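Pasted below: final-v2.tsv, TSV, C-alpha atoms.
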```tsv
chain	number	residue	atom	x	y	z
A	1	MET	CA	65.97	-102.43	144.41
A	2	ILE	CA	66.62	-100.69	141.08
A	3	GLU	CA	69.85	-98.77	140.55
A	4	ALA	CA	70.41	-96.78	137.34
A	5	ARG	CA	73.64	-94.90	136.70
A	6	ASN	CA	74.61	-92.50	133.90
A	7	LEU	CA	72.08	-93.88	131.42
A	8	GLN	CA	72.67	-92.46	127.94
A	9	LYS	CA	70.74	-93.30	124.80
A	10	SER	CA	70.47	-91.67	121.39
A	11	TYR	CA	68.40	-92.52	118.35
A	12	GLY	CA	70.35	-90.95	115.52
A	13	HIS	CA	70.49	-87.23	116.23
A	14	VAL	CA	67.82	-87.48	118.96
A	15	HIS	CA	69.28	-87.71	122.49
A	16	ALA	CA	66.66	-89.59	124.50
A	17	LEU	CA	68.73	-89.83	127.71
A	18	GLY	CA	71.70	-87.70	128.68
A	19	GLY	CA	73.27	-89.33	131.74
A	20	VAL	CA	70.34	-90.20	134.02
A	21	SER	CA	71.01	-91.73	137.46
A	22	PHE	CA	68.41	-92.66	140.10
A	23	ASP	CA	67.41	-95.28	142.68
A	24	VAL	CA	64.17	-97.10	143.39
A	25	PRO	CA	64.16	-98.25	147.04
A	26	PRO	CA	62.63	-101.62	147.94
A	27	GLY	CA	59.03	-101.79	149.12
A	28	GLN	CA	57.99	-98.41	147.71
A	29	VAL	CA	55.97	-97.13	144.77
A	30	THR	CA	58.18	-94.79	142.74
A	31	GLY	CA	56.79	-92.57	140.01
A	32	LEU	CA	58.83	-91.88	136.89
A	33	LEU	CA	57.42	-88.54	135.82
A	34	GLY	CA	57.93	-86.35	132.78
A	35	ALA	CA	56.25	-84.80	129.77
A	36	ASN	CA	55.91	-86.76	126.55
A	37	GLY	CA	59.38	-87.19	125.08
A	38	ALA	CA	61.15	-86.77	128.44
A	39	GLY	CA	62.77	-90.22	128.22
A	40	LYS	CA	60.47	-92.25	130.47
A	41	SER	CA	59.74	-95.12	128.09
A	42	THR	CA	63.37	-95.34	127.00
A	43	THR	CA	64.41	-95.60	130.66
A	44	ILE	CA	61.88	-98.35	131.31
A	45	ARG	CA	62.90	-100.29	128.21
A	46	ILE	CA	66.52	-100.19	129.39
A	47	ILE	CA	65.58	-101.40	132.90
A	48	THR	CA	63.50	-104.27	131.53
A	49	GLY	CA	66.17	-105.32	129.03
A	50	TYR	CA	64.35	-104.40	125.81
A	51	THR	CA	66.86	-101.68	124.92
A	52	VAL	CA	70.62	-101.44	125.48
A	53	PRO	CA	71.95	-98.00	126.51
A	54	ASP	CA	74.86	-96.32	124.76
A	55	ALA	CA	76.45	-95.85	128.20
A	56	GLY	CA	75.66	-96.47	131.86
A	57	TRP	CA	74.37	-99.48	133.76
A	58	VAL	CA	71.33	-100.87	135.60
A	59	ARG	CA	71.10	-103.32	138.51
A	60	VAL	CA	67.88	-104.92	139.75
A	61	GLY	CA	68.11	-106.56	143.15
A	62	GLY	CA	71.88	-106.27	142.89
A	63	VAL	CA	71.98	-108.15	139.55
A	64	SER	CA	73.36	-106.48	136.42
A	65	ALA	CA	70.71	-106.09	133.73
A	66	PHE	CA	73.39	-106.52	131.06
A	67	ARG	CA	75.53	-109.33	132.50
A	68	ASP	CA	72.59	-111.50	133.62
A	69	PRO	CA	69.48	-110.23	131.73
A	70	ILE	CA	67.48	-113.46	132.14
A	71	ARG	CA	67.80	-113.39	135.92
A	72	VAL	CA	66.79	-109.72	135.98
A	73	ARG	CA	63.71	-110.38	133.82
A	74	GLN	CA	62.69	-113.14	136.21
A	75	GLN	CA	62.56	-110.51	138.97
A	76	ILE	CA	60.43	-108.04	136.98
A	77	GLY	CA	56.76	-107.99	136.09
A	78	TYR	CA	56.44	-105.61	133.15
A	79	LEU	CA	53.31	-103.91	131.81
A	80	PRO	CA	54.18	-101.91	128.66
A	81	GLU	CA	52.13	-98.91	127.57
A	82	SER	CA	50.38	-100.99	124.91
A	83	ALA	CA	50.08	-104.36	126.61
A	84	PRO	CA	50.02	-107.19	124.03
A	85	THR	CA	47.03	-109.51	124.32
A	86	TYR	CA	45.29	-112.13	122.19
A	87	GLY	CA	41.74	-110.87	121.83
A	88	GLU	CA	40.30	-114.22	120.75
A	89	MET	CA	41.52	-115.99	123.92
A	90	PRO	CA	39.50	-116.16	127.15
A	91	VAL	CA	41.15	-114.42	130.10
A	92	GLU	CA	41.84	-117.68	131.93
A	93	ALA	CA	43.40	-119.29	128.85
A	94	LEU	CA	45.57	-116.25	128.13
A	95	LEU	CA	46.88	-116.18	131.68
A	96	GLY	CA	47.55	-119.93	131.55
A	97	PHE	CA	49.51	-119.50	128.33
A	98	ARG	CA	51.54	-116.62	129.75
A	99	ALA	CA	52.21	-118.60	132.95
A	100	SER	CA	53.60	-121.46	130.85
A	101	LEU	CA	56.06	-119.02	129.26
A	102	HIS	CA	57.41	-118.46	132.78
A	103	GLY	CA	57.99	-122.19	133.10
A	104	LEU	CA	54.97	-122.89	135.31
A	105	ARG	CA	53.31	-126.27	134.81
A	106	GLY	CA	50.37	-128.24	136.18
A	107	LYS	CA	49.05	-127.21	139.58
A	108	SER	CA	51.64	-124.43	139.89
A	109	ARG	CA	50.36	-122.85	136.70
A	110	MET	CA	46.69	-123.04	137.72
A	111	SER	CA	47.52	-121.72	141.18
A	112	ALA	CA	49.38	-118.75	139.65
A	113	VAL	CA	46.44	-118.04	137.33
A	114	ASP	CA	43.91	-118.18	140.18
A	115	LYS	CA	46.03	-115.88	142.36
A	116	ALA	CA	46.45	-113.34	139.54
A	117	ILE	CA	42.72	-113.38	138.79
A	118	ASP	CA	41.89	-112.81	142.46
A	119	ALA	CA	44.50	-110.08	142.88
A	120	CYS	CA	43.29	-108.16	139.82
A	121	VAL	CA	39.55	-108.76	140.48
A	122	LEU	CA	38.90	-110.66	137.25
A	123	GLN	CA	36.65	-113.42	138.62
A	124	THR	CA	33.54	-112.29	136.72
A	125	VAL	CA	35.31	-112.18	133.34
A	126	ARG	CA	37.76	-115.08	133.62
A	127	ARG	CA	35.98	-117.05	130.85
A	128	ARG	CA	35.22	-114.10	128.57
A	129	ARG	CA	37.31	-113.35	125.51
A	130	VAL	CA	39.84	-110.58	126.10
A	131	GLY	CA	38.74	-108.74	122.95
A	132	GLN	CA	35.23	-108.35	124.40
A	133	LEU	CA	36.43	-106.59	127.55
A	134	SER	CA	36.42	-102.87	128.31
A	135	LYS	CA	39.68	-100.95	128.30
A	136	GLY	CA	39.74	-101.00	132.11
A	137	TYR	CA	39.37	-104.78	132.28
A	138	LYS	CA	42.00	-105.24	129.56
A	139	GLN	CA	44.36	-103.19	131.71
A	140	ARG	CA	43.62	-105.48	134.65
A	141	VAL	CA	44.41	-108.48	132.46
A	142	GLY	CA	47.72	-106.84	131.58
A	143	LEU	CA	48.49	-106.37	135.26
A	144	ALA	CA	47.54	-109.98	135.94
A	145	THR	CA	50.02	-111.21	133.31
A	146	ALA	CA	52.72	-109.08	134.96
A	147	ILE	CA	52.34	-110.78	138.36
A	148	LEU	CA	51.89	-114.41	137.28
A	149	HIS	CA	55.44	-115.39	138.28
A	150	ASP	CA	55.16	-113.43	141.56
A	151	PRO	CA	57.99	-110.98	140.78
A	152	PRO	CA	59.44	-108.76	143.53
A	153	VAL	CA	59.51	-105.80	141.11
A	154	LEU	CA	56.71	-104.35	138.98
A	155	VAL	CA	57.44	-101.90	136.15
A	156	LEU	CA	54.32	-100.23	134.75
A	157	ASP	CA	54.49	-97.91	131.74
A	158	GLU	CA	51.55	-95.47	131.61
A	159	PRO	CA	49.09	-97.88	133.29
A	160	SER	CA	46.27	-95.29	133.27
A	161	ASN	CA	46.67	-94.28	129.64
A	162	GLY	CA	43.33	-94.13	127.80
A	163	LEU	CA	41.19	-94.97	130.84
A	164	ASP	CA	38.13	-93.02	131.96
A	165	PRO	CA	38.11	-91.38	135.45
A	166	GLY	CA	36.39	-94.35	137.07
A	167	GLN	CA	38.80	-96.83	135.55
A	168	ILE	CA	41.75	-94.67	136.57
A	169	THR	CA	40.57	-94.74	140.19
A	170	GLU	CA	40.18	-98.53	140.07
A	171	THR	CA	43.62	-98.96	138.49
A	172	ARG	CA	45.20	-96.71	141.12
A	173	SER	CA	43.70	-98.79	143.94
A	174	LEU	CA	44.80	-101.99	142.21
A	175	ILE	CA	48.39	-100.75	141.91
A	176	ARG	CA	48.48	-99.91	145.60
A	177	ARG	CA	47.27	-103.43	146.44
A	178	LEU	CA	49.78	-105.07	144.12
A	179	ALA	CA	52.53	-102.94	145.72
A	180	GLU	CA	52.14	-104.71	149.06
A	181	GLY	CA	55.40	-106.61	149.49
A	182	ARG	CA	56.74	-105.44	146.12
A	183	THR	CA	58.78	-102.63	144.63
A	184	VAL	CA	56.88	-100.72	141.94
A	185	LEU	CA	58.09	-98.27	139.30
A	186	VAL	CA	55.24	-96.43	137.58
A	187	SER	CA	55.82	-94.26	134.52
A	188	SER	CA	53.30	-91.51	133.80
A	189	HIS	CA	52.83	-87.95	132.59
A	190	ILE	CA	49.58	-87.62	134.60
A	191	LEU	CA	50.58	-85.59	137.67
A	192	PRO	CA	47.56	-86.35	139.92
A	193	GLU	CA	48.04	-90.10	139.43
A	194	ILE	CA	51.68	-89.98	140.46
A	195	GLU	CA	50.84	-87.78	143.46
A	196	ARG	CA	48.08	-90.10	144.68
A	197	THR	CA	49.84	-93.39	143.97
A	198	CYS	CA	53.54	-92.93	144.68
A	199	ASP	CA	55.76	-92.59	147.75
A	200	ARG	CA	58.72	-91.32	145.76
A	201	VAL	CA	59.24	-89.59	142.41
A	202	VAL	CA	61.92	-89.36	139.73
A	203	ILE	CA	61.35	-86.39	137.41
A	204	LEU	CA	62.82	-86.24	133.92
A	205	ALA	CA	62.88	-83.42	131.38
A	206	ARG	CA	64.36	-83.73	127.89
A	207	GLY	CA	66.34	-86.79	128.86
A	208	ARG	CA	67.80	-85.22	132.00
A	209	LEU	CA	67.17	-85.82	135.68
A	210	CYS	CA	65.44	-82.87	137.35
A	211	ALA	CA	64.81	-84.27	140.82
A	212	GLN	CA	64.33	-87.46	142.78
A	213	GLY	CA	63.34	-88.29	146.33
A	214	PRO	CA	60.41	-88.89	148.69
A	215	LEU	CA	57.40	-86.95	147.43
A	216	ASP	CA	56.64	-85.29	150.77
A	217	GLU	CA	60.24	-84.05	151.11
A	218	LEU	CA	60.29	-82.62	147.59
A	219	LEU	CA	56.99	-80.83	148.17
A	220	ALA	CA	58.25	-79.43	151.48
A	221	GLU	CA	61.05	-77.68	149.59
A	222	GLY	CA	58.44	-75.62	147.73
A	223	GLU	CA	56.59	-74.38	150.80
A	224	HIS	CA	58.55	-71.12	150.94
A	225	GLU	CA	57.77	-69.66	147.53
A	226	LEU	CA	55.76	-66.75	146.25
A	227	VAL	CA	54.32	-66.48	142.75
A	228	CYS	CA	54.12	-62.99	141.29
A	229	GLU	CA	52.68	-61.81	137.99
A	230	ALA	CA	53.19	-58.21	136.89
A	231	ARG	CA	52.93	-56.18	133.70
A	232	PHE	CA	55.92	-53.97	132.88
A	233	LEU	CA	56.10	-51.06	130.46
A	234	THR	CA	59.26	-52.35	128.79
A	235	GLU	CA	61.31	-55.53	128.69
A	236	GLN	CA	64.26	-53.69	130.18
A	237	SER	CA	62.24	-52.50	133.17
A	238	ALA	CA	61.27	-56.11	133.85
A	239	LYS	CA	64.92	-57.19	133.78
A	240	ASP	CA	65.96	-54.31	136.05
A	241	ALA	CA	63.21	-55.20	138.52
A	242	ALA	CA	64.26	-58.85	138.52
A	243	ARG	CA	67.81	-57.83	139.47
A	244	GLU	CA	66.48	-55.61	142.25
A	245	VAL	CA	64.34	-58.39	143.63
A	246	GLY	CA	67.17	-60.92	143.36
A	247	VAL	CA	69.35	-58.98	145.81
A	248	ILE	CA	66.68	-58.75	148.53
A	249	GLU	CA	68.13	-60.36	151.64
A	250	GLY	CA	66.54	-63.76	152.11
A	251	VAL	CA	65.50	-64.25	148.47
A	252	VAL	CA	67.11	-67.46	147.26
A	253	THR	CA	65.79	-67.86	143.71
A	254	VAL	CA	64.01	-65.72	141.14
A	255	LEU	CA	62.67	-67.73	138.20
A	256	PRO	CA	61.13	-65.44	135.55
A	257	ARG	CA	58.88	-66.54	132.71
A	258	GLU	CA	57.42	-64.17	130.13
A	259	LYS	CA	53.72	-64.40	129.36
A	260	ASP	CA	51.52	-62.66	126.79
A	261	GLY	CA	50.84	-58.93	126.85
A	262	GLY	CA	54.06	-57.87	128.57
A	263	VAL	CA	53.26	-59.86	131.71
A	264	VAL	CA	56.14	-61.52	133.56
A	265	ARG	CA	55.59	-64.40	136.00
A	266	TRP	CA	58.14	-64.79	138.77
A	267	ARG	CA	58.56	-67.68	141.14
A	268	LEU	CA	60.41	-66.41	144.23
A	269	GLY	CA	62.03	-68.80	146.66
A	270	PHE	CA	62.91	-67.31	150.04
A	271	ASP	CA	64.56	-68.36	153.26
A	272	PRO	CA	62.04	-67.86	156.11
A	273	LYS	CA	64.90	-67.61	158.61
A	274	ALA	CA	66.23	-64.53	156.81
A	275	ILE	CA	62.98	-62.81	155.84
A	276	GLY	CA	59.34	-63.29	156.71
A	277	GLU	CA	56.67	-63.61	154.07
A	278	ASP	CA	54.92	-60.37	155.10
A	279	ASP	CA	58.18	-58.38	154.95
A	280	LEU	CA	59.00	-59.87	151.56
A	281	ARG	CA	55.58	-58.90	150.23
A	282	LYS	CA	56.06	-55.29	151.38
A	283	ILE	CA	59.56	-54.96	149.91
A	284	LEU	CA	58.52	-56.66	146.69
A	285	GLY	CA	55.48	-54.40	146.33
A	286	ALA	CA	57.61	-51.30	146.83
A	287	LYS	CA	60.16	-52.37	144.22
A	288	LEU	CA	57.47	-53.23	141.68
A	289	ALA	CA	55.78	-49.89	142.26
A	290	ALA	CA	59.11	-48.09	141.76
A	291	ALA	CA	59.51	-49.94	138.45
A	292	GLY	CA	56.07	-48.75	137.35
A	293	ALA	CA	54.75	-52.30	137.21
A	294	GLU	CA	51.12	-53.31	137.50
A	295	VAL	CA	50.90	-56.25	139.92
A	296	ARG	CA	48.32	-58.79	138.79
A	297	LEU	CA	49.05	-61.67	141.16
A	298	LEU	CA	51.03	-62.15	144.36
A	299	GLU	CA	50.35	-65.30	146.31
A	300	ARG	CA	51.92	-68.27	147.99
A	301	GLU	CA	51.37	-71.28	145.77
A	302	LYS	CA	50.14	-74.40	147.51
A	303	ALA	CA	52.82	-77.07	147.43
A	304	SER	CA	51.80	-79.80	144.99
A	305	LEU	CA	53.43	-82.09	142.49
A	306	GLU	CA	52.07	-79.85	139.74
A	307	SER	CA	53.73	-76.73	141.17
A	308	LEU	CA	56.99	-78.65	141.69
A	309	PHE	CA	56.91	-79.97	138.14
A	310	LEU	CA	56.19	-76.54	136.64
A	311	LYS	CA	59.00	-74.99	138.67
A	312	LEU	CA	61.47	-77.53	137.37
A	313	MET	CA	60.31	-76.95	133.82
A	314	GLU	CA	60.68	-73.18	134.27
A	315	GLN	CA	64.29	-73.64	135.32
A	316	GLY	CA	65.08	-74.82	131.81
A	317	PRO	CA	67.10	-77.79	130.55
A	318	ASP	CA	70.48	-76.54	131.82
A	319	ALA	CA	69.26	-76.13	135.41
A	320	ALA	CA	67.21	-79.31	135.20
A	321	SER	CA	70.21	-81.36	134.12
A	322	THR	CA	72.08	-80.58	137.31
A	323	GLY	CA	69.29	-80.19	139.86
A	324	SER	CA	68.33	-83.18	141.98
A	325	ALA	CA	67.21	-84.00	145.46
A	326	ALA	CA	68.20	-87.27	147.07
```

Please, can you express the file's structure as structure tokens?
Amino acid sequence: MIEARNLQKSYGHVHALGGVSFDVPPGQVTGLLGANGAGKSTTIRIITGYTVPDAGWVRVGGVSAFRDPIRVRQQIGYLPESAPTYGEMPVEALLGFRASLHGLRGKSRMSAVDKAIDACVLQTVRRRRVGQLSKGYKQRVGLATAILHDPPVLVLDEPSNGLDPGQITETRSLIRRLAEGRTVLVSSHILPEIERTCDRVVILARGRLCAQGPLDELLAEGEHELVCEARFLTEQSAKDAAREVGVIEGVVTVLPREKDGGVVRWRLGFDPKAIGEDDLRKILGAKLAAAGAEVRLLEREKASLESLFLKLMEQGPDAASTGSAA
């Protein structure tokens, strides 16, 4: 439903996007994930037509966002991170005004307002001024404005930002309801929200694509990994041990990361068809002992979006710019 290819964008000397390509399939909730400054908001602003890229293209429903931007905007319901509202207006009046901007008149406008109020559970506050509402209700009003024209695509930028835990849970449930029959792209840096809300993820780091694909498939790729933390006497002994471990038959990847106090954290990916976990633990323990290392942690990390995200960050920008999963 959304196709993005080779998106590049710079602001002066700051490279916000460096050739990002991804797809958002129809009828799914896709999470656009990354740390602050990863390029999420820039990507969303390009998709919704608020920013023009330096290079690359976007299509929504097969329509070019640059050749026919009005038609693309008609297909998108957009909730920016800071949703603009008029605090002095009652909810019902605000929604009616926004519906008129979409060209809705008379009964069609009132019907659209009523449907949005019902969908976003705003019945009890429909005549209250927006400025008097809690942050959670204001977010619901923002979502209601995004669906007034019944768009097939919703683009939500940090919809849980600034909400308390209860409001986050309510917003998550609301997004899942609004996703019925729609394609949704949700931008966030909150890992648990993406994991609980989305079917698919697109992960960015420093303006580069790290990975994309169905969440369950991406997590399955991390099932065969061990995490090891050990303290070495010297930096050289740690490097020598890493080389020794890297040539163990069945070990696919060794991602080291230095910690405080001479401790090195390794993330070891292994092929279970070539070596079993128990055998790998024994060989690894023997090599660490030979290097004079003090093992502080050796465990299989439970596959989660957090562990996947941290692994991709540990790979560094060069690896992240080329790594992806379809």

Hey, can you pull every residue with an atom no more than 6 Å from (62.2, -80.1, 137.1), using all atoms listed in the file, and send it as a PDB file with C-alpha atoms, in the frame of the given file?
```pdb
ATOM      1  CA  CYS A 210      65.440 -82.870 137.350  1.00  0.00           C
ATOM      2  CA  PHE A 309      56.910 -79.970 138.140  1.00  0.00           C
ATOM      3  CA  LEU A 312      61.470 -77.530 137.370  1.00  0.00           C
ATOM      4  CA  MET A 313      60.310 -76.950 133.820  1.00  0.00           C
ATOM      5  CA  ALA A 320      67.210 -79.310 135.200  1.00  0.00           C
TER       6      ALA A 320
END
```

Exercise for the section: Could you please determine the separation between CA of Leu233 (chain A) and CA of Leu297 (chain A) in Å, to one decimal place? Expected result: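 Atom-to-atom, CA of Leu233 (chain A) and CA of Leu297 (chain A) are spaced 16.6 Å apart.
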
Exercise for the section: Find the residue from A:Glu235, A:Leu133, A:Arg176, A:Ile190 that sits nearest to Asn161 (chain A); use all atoms listed in the file when measuring. Expected result: A:Ile190

Practice task
Grab the CA of Leu268 (chain A) to CA of Val20 (chain A) distance for me, in Å with one decimal place.
Solution key: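 Going from CA of Leu268 (chain A) over to CA of Val20 (chain A) covers 27.7 Å.
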
Handout entry: Residue nearest Val252 (chain A) - candidates A:Arg71, A:Lys287, A:Lys302, A:Lys273, atoms counted: only C-alpha atoms
Key =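 Smallest distance to Val252 (chain A) is found for A:Lys273.
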
Exercise for the section: Work out how far apart CA of Val24 (chain A) and CA of Gln212 (chain A) are and give it in Å to one decimal. Expected result: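 So the answer is 9.7 Å.
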
Could you list, as a short mmCIF file (atom, residue, chain, number, x, y, z; two decimals) with C-alpha atoms, in the frame of the given file, every residue within 7 Å of Arg231 (chain A), counting all atoms listed in the file and ignoring same-chain residues fewer than 2 positions away?
```cif
data_model
loop_
_atom_site.label_atom_id
_atom_site.label_comp_id
_atom_site.auth_asym_id
_atom_site.auth_seq_id
_atom_site.Cartn_x
_atom_site.Cartn_y
_atom_site.Cartn_z
CA LEU A 233 56.10 -51.06 130.46
CA GLY A 262 54.06 -57.87 128.57
CA VAL A 263 53.26 -59.86 131.71
CA VAL A 264 56.14 -61.52 133.56
CA ALA A 293 54.75 -52.30 137.21
CA GLU A 294 51.12 -53.31 137.50
CA VAL A 295 50.90 -56.25 139.92
#
```

Handout entry: Selection near Arg200 (chain A), 8 Å with all atoms listed in the file, sequence-local residues under 4 positions removed, as a list in words
Key =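 Near neighbours after the sequence-gap exclusion: Gln28, Val29, Thr30, Gly31, Gln212, Gly213, Pro214 and Leu215 of chain A.
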
Exercise for the section: Identify, on the basis of all atoms listed in the file, every residue whose closest approach to Arg128 (chain A) does not exceed 10 Å; exclude the query and any residue fewer than 3 positions from it along the same chain; express the result as an MDAnalysis selection string. Expected result: chainID A and resid 87:93 124:125 131:133

Exercise for the section: Between A:Gly207, A:Pro256, A:Gly49, A:Pro84, single out the one closest to Ile70 (chain A), counting all atoms listed in the file. Expected result: A:Gly49

Exercise for the section: May I ask which of the residues A:Ala146, A:Arg73, A:Val245, A:Phe232 is the closest one to Arg98 (chain A), counting all atoms listed in the file? Expected result: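 For Arg98 (chain A), the nearest of the candidates is A:Ala146.
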
Fill in the blank from the handout: Across A:Ile168, A:Leu33, A:Val184, A:Ala83, the smallest distance to Met1 (chain A), with only C-alpha atoms counted, is shown by A:Val184

Practice task
Rank A:Ala220, A:Val153, A:Leu148, A:Val52 by their smallest atom-to-atom distance to Val72 (chain A), using only C-alpha atoms, and report the top residue only.
Solution key: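 The shortest atom-to-atom distance to Val72 (chain A) comes from A:Val153.
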
Exercise for the section: For Glu301 (chain A), list every protein, DNA or RNA residue within 7 Å, evaluated using only C-alpha atoms, and leave out those in the same chain fewer than 4 positions away; present the list as a ChimeraX atom specification. Expected result: /A:225-227

Practice task
Please identify all polymer residues within 12 Å of Ser134 (chain A), counting only C-alpha atoms, omitting same-chain residues fewer than 3 positions from it, and present them as a list in words.
Solution key: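 That gives Gly87, Val125, Arg128, Arg129, Val130, Gly131, Tyr137, Lys138, Gln139, Arg140, Val141, Gly162, Leu163, Asp164 and Gln167 of chain A.
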
Practice task
Determine, counting all atoms listed in the file, every residue of protein, DNA or RNA that lies within 12 Å of (72.0, -93.5, 127.2) in the file coordinates, then give the result as a PyMOL selection string.
Solution key: chain A and resi 4-11+14-21+39+42-47+51-58+207-208

Writing C-alpha atoms and nothing else, produce region 204-222 of chain A as a PDB file, in the first residue's frame.
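Once written, selection_22.pdb looks like this:
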```
ATOM      1  CA  LEU A 204      15.927   2.709  11.009  1.00  0.00           C
ATOM      2  CA  ALA A 205      19.233   3.812  12.502  1.00  0.00           C
ATOM      3  CA  ARG A 206      20.972   7.083  11.635  1.00  0.00           C
ATOM      4  CA  GLY A 207      18.952   7.472   8.471  1.00  0.00           C
ATOM      5  CA  ARG A 208      19.635   3.941   7.242  1.00  0.00           C
ATOM      6  CA  LEU A 209      17.453   0.864   6.952  1.00  0.00           C
ATOM      7  CA  CYS A 210      18.468  -1.869   9.402  1.00  0.00           C
ATOM      8  CA  ALA A 211      15.708  -4.409   8.823  1.00  0.00           C
ATOM      9  CA  GLN A 212      12.141  -4.827   7.668  1.00  0.00           C
ATOM     10  CA  GLY A 213       9.665  -7.678   7.639  1.00  0.00           C
ATOM     11  CA  PRO A 214       6.996  -9.512   9.649  1.00  0.00           C
ATOM     12  CA  LEU A 215       7.783  -9.146  13.343  1.00  0.00           C
ATOM     13  CA  ASP A 216       7.504 -12.866  14.119  1.00  0.00           C
ATOM     14  CA  GLU A 217       9.927 -13.755  11.304  1.00  0.00           C
ATOM     15  CA  LEU A 218      12.489 -11.172  12.413  1.00  0.00           C
ATOM     16  CA  LEU A 219      12.304 -12.402  16.003  1.00  0.00           C
ATOM     17  CA  ALA A 220      12.709 -16.012  14.863  1.00  0.00           C
ATOM     18  CA  GLU A 221      16.072 -15.084  13.343  1.00  0.00           C
ATOM     19  CA  GLY A 222      17.349 -14.232  16.825  1.00  0.00           C
TER      20      GLY A 222
END
```
